[in-house]
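Student: Have a look at this one before I ask anything.
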Amino acid sequence: MLKINFKPATKNLFLIIIKDVFLAFYFLLIIFFVMEIVKPRIVTSYISLDLLMFGLIILGIITIFYYQPKAKEVKKLNFLDYSTIILFSVLIGIFTAYLVRQIGILAGLVGLVSAIISYYFATLIYKE
């Protein structure tokens, strides 16, 4: 008979799995949105992205409220890391401004805001 032995290290296994599924669904949703931008109706004719986004929001709420990572020391970023983050953020800002170019001068503002947000997200990811 198989006997399951939960050690203290695997006590929060369910929450770790939820966090990993959340990250996988997040990247999958980004890939699906990029595919929709490149070729419309290629994904939405088979999958409802609204349901995927709803599930992603539920998993995100569970992850935020219950997952508590171990305290780690913060990694110091070097010049190459900062230059990569800035290049990534500028490219995202240009891409976003290009996508919303129909709104006129506000497209530049939206691109700037998306570049700033992506810069802060990227620094958080790099430091972790």
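Letters A, B, ... mark the chains of the structure tokens in the order given; residue numbers begin at 1 per chain; ligand numbers begin at 1, in order shown.
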If we count only C-alpha atoms and set the cut-off at 12 Å, which residues sit around A:Phe32, ignoring sequence neighbours fewer than 4 positions away in its own chain? Please answer as a list in words.

Tutor: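 With the cut-off at 12 Å, the set is Phe25, Tyr26, Phe27, Leu28, Glu36, Ile37, Val38, Lys39, Pro40, Arg41, Ile42, Val43, Thr44, Ser45, Tyr46, Ile47, Ser48, Leu49, Asp50, Leu52 and Met53 of chain A.
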
Student: Calculated over only C-alpha atoms, which of the candidates A:Leu87, A:Gln68, A:Ser114, A:Val21 has the smallest distance to A:Val100?

Tutor: A:Ser114

Student: Please extract the residues of stretch 2-128 of chain A with a backbone DSSP assignment of helix (DSSP H, G or I) and present them as a PyMOL selection string.

Tutor: chain A and resi 8-10+13-38+49-66+79-99+101-103+106-127

Student: Determine, counting only C-alpha atoms, which protein, DNA and RNA residues have an atom within 12 Å of an atom of A:Thr63; residues of the same chain fewer than 2 positions away are not included. Present the result as number ranges by chain.

Tutor: A: 12, 14-23, 56-61, 65-69

Student: Can those selected residues be exported to a file as a PDB file, in the first residue's frame so that it contains N, CA and C atoms?

Tutor:
```pdb
ATOM      1  N   ASN A  12       3.583  23.084   1.925  1.00  0.00           N
ATOM      2  CA  ASN A  12       2.883  24.054   1.087  1.00  0.00           C
ATOM      3  C   ASN A  12       2.973  23.683  -0.392  1.00  0.00           C
ATOM      4  N   PHE A  14       0.773  22.427  -2.379  1.00  0.00           N
ATOM      5  CA  PHE A  14      -0.400  22.878  -3.139  1.00  0.00           C
ATOM      6  C   PHE A  14      -0.247  24.335  -3.566  1.00  0.00           C
ATOM      7  N   LEU A  15       0.221  25.190  -2.666  1.00  0.00           N
ATOM      8  CA  LEU A  15       0.392  26.604  -2.995  1.00  0.00           C
ATOM      9  C   LEU A  15       1.519  26.828  -3.995  1.00  0.00           C
ATOM     10  N   ILE A  16       2.563  26.014  -3.925  1.00  0.00           N
ATOM     11  CA  ILE A  16       3.656  26.121  -4.890  1.00  0.00           C
ATOM     12  C   ILE A  16       3.166  25.699  -6.271  1.00  0.00           C
ATOM     13  N   ILE A  17       2.348  24.661  -6.325  1.00  0.00           N
ATOM     14  CA  ILE A  17       1.789  24.216  -7.600  1.00  0.00           C
ATOM     15  C   ILE A  17       0.864  25.292  -8.169  1.00  0.00           C
ATOM     16  N   ILE A  18       0.038  25.911  -7.316  1.00  0.00           N
ATOM     17  CA  ILE A  18      -0.859  26.985  -7.768  1.00  0.00           C
ATOM     18  C   ILE A  18      -0.045  28.147  -8.334  1.00  0.00           C
ATOM     19  N   LYS A  19       1.045  28.502  -7.675  1.00  0.00           N
ATOM     20  CA  LYS A  19       1.893  29.599  -8.162  1.00  0.00           C
ATOM     21  C   LYS A  19       2.497  29.264  -9.516  1.00  0.00           C
ATOM     22  N   ASP A  20       2.975  28.027  -9.672  1.00  0.00           N
ATOM     23  CA  ASP A  20       3.570  27.633 -10.950  1.00  0.00           C
ATOM     24  C   ASP A  20       2.534  27.567 -12.062  1.00  0.00           C
ATOM     25  N   VAL A  21       1.334  27.098 -11.753  1.00  0.00           N
ATOM     26  CA  VAL A  21       0.261  27.066 -12.753  1.00  0.00           C
ATOM     27  C   VAL A  21      -0.140  28.492 -13.130  1.00  0.00           C
ATOM     28  N   PHE A  22      -0.174  29.393 -12.154  1.00  0.00           N
ATOM     29  CA  PHE A  22      -0.477  30.794 -12.435  1.00  0.00           C
ATOM     30  C   PHE A  22       0.545  31.392 -13.402  1.00  0.00           C
ATOM     31  N   LEU A  23       1.826  31.162 -13.151  1.00  0.00           N
ATOM     32  CA  LEU A  23       2.863  31.697 -14.032  1.00  0.00           C
ATOM     33  C   LEU A  23       2.772  31.086 -15.431  1.00  0.00           C
ATOM     34  N   LEU A  56      -7.105  32.806 -14.653  1.00  0.00           N
ATOM     35  CA  LEU A  56      -5.835  33.429 -14.290  1.00  0.00           C
ATOM     36  C   LEU A  56      -6.017  34.403 -13.129  1.00  0.00           C
ATOM     37  N   ILE A  57      -7.098  35.159 -13.143  1.00  0.00           N
ATOM     38  CA  ILE A  57      -7.367  36.098 -12.051  1.00  0.00           C
ATOM     39  C   ILE A  57      -7.614  35.350 -10.742  1.00  0.00           C
ATOM     40  N   ILE A  58      -8.381  34.263 -10.790  1.00  0.00           N
ATOM     41  CA  ILE A  58      -8.645  33.468  -9.580  1.00  0.00           C
ATOM     42  C   ILE A  58      -7.344  32.882  -9.031  1.00  0.00           C
ATOM     43  N   LEU A  59      -6.525  32.291  -9.906  1.00  0.00           N
ATOM     44  CA  LEU A  59      -5.239  31.745  -9.460  1.00  0.00           C
ATOM     45  C   LEU A  59      -4.326  32.843  -8.924  1.00  0.00           C
ATOM     46  N   GLY A  60      -4.372  34.024  -9.529  1.00  0.00           N
ATOM     47  CA  GLY A  60      -3.564  35.141  -9.038  1.00  0.00           C
ATOM     48  C   GLY A  60      -3.984  35.588  -7.649  1.00  0.00           C
ATOM     49  N   ILE A  61      -5.282  35.624  -7.407  1.00  0.00           N
ATOM     50  CA  ILE A  61      -5.777  36.010  -6.075  1.00  0.00           C
ATOM     51  C   ILE A  61      -5.343  34.992  -5.037  1.00  0.00           C
ATOM     52  N   PHE A  65      -2.733  35.902  -1.882  1.00  0.00           N
ATOM     53  CA  PHE A  65      -3.159  35.838  -0.489  1.00  0.00           C
ATOM     54  C   PHE A  65      -2.490  34.733   0.320  1.00  0.00           C
ATOM     55  N   TYR A  66      -2.127  33.625  -0.308  1.00  0.00           N
ATOM     56  CA  TYR A  66      -1.674  32.493   0.471  1.00  0.00           C
ATOM     57  C   TYR A  66      -0.211  32.115   0.290  1.00  0.00           C
ATOM     58  N   TYR A  67       0.402  32.478  -0.811  1.00  0.00           N
ATOM     59  CA  TYR A  67       1.790  32.079  -1.044  1.00  0.00           C
ATOM     60  C   TYR A  67       2.722  33.087  -0.394  1.00  0.00           C
ATOM     61  N   GLN A  68       3.595  32.595   0.477  1.00  0.00           N
ATOM     62  CA  GLN A  68       4.578  33.447   1.138  1.00  0.00           C
ATOM     63  C   GLN A  68       5.959  32.858   0.898  1.00  0.00           C
ATOM     64  N   PRO A  69       6.724  33.458  -0.015  1.00  0.00           N
ATOM     65  CA  PRO A  69       8.050  32.907  -0.319  1.00  0.00           C
ATOM     66  C   PRO A  69       9.015  33.110   0.839  1.00  0.00           C
TER      67      PRO A  69
END
```

Student: What does the distance from atom CA of A:Met35 to atom CA of A:Leu51 come to in Å, to one decimal?

Tutor: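 Spanning atom CA of A:Met35 to atom CA of A:Leu51 is a straight-line distance of 17.2 Å.
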
Student: For A:Lys75, find every residue with an atom within 12 Å (counting only C-alpha atoms), except residues of its own chain fewer than 4 positions away, and show them as a list in words.

Tutor: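 These residues fall inside the cut-off: Asp81, Thr123, Leu124, Ile125, Tyr126, Lys127 and Glu128 of chain A.
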
Student: Would you export the selected residues with C-alpha atoms as a PDB file, in the first residue's frame, please?

Tutor:
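To be explicit, this is the file written out as part.pdb:
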```pdb
ATOM      1  CA  ASP A  81      21.364  43.642 -16.266  1.00  0.00           C
ATOM      2  CA  THR A 123      13.658  44.785 -12.119  1.00  0.00           C
ATOM      3  CA  LEU A 124      11.458  42.857  -9.722  1.00  0.00           C
ATOM      4  CA  ILE A 125      11.929  39.689 -11.732  1.00  0.00           C
ATOM      5  CA  TYR A 126      15.696  40.151 -12.024  1.00  0.00           C
ATOM      6  CA  LYS A 127      16.116  40.818  -8.312  1.00  0.00           C
ATOM      7  CA  GLU A 128      14.228  37.676  -7.409  1.00  0.00           C
TER       8      GLU A 128
END
```

Student: Quick one: pull the distance between atom CA of A:Asn78 and atom CA of A:Ser118, Å, one decimal.

Tutor: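 Atom CA of A:Ser118 lies 18.3 Å from atom CA of A:Asn78.
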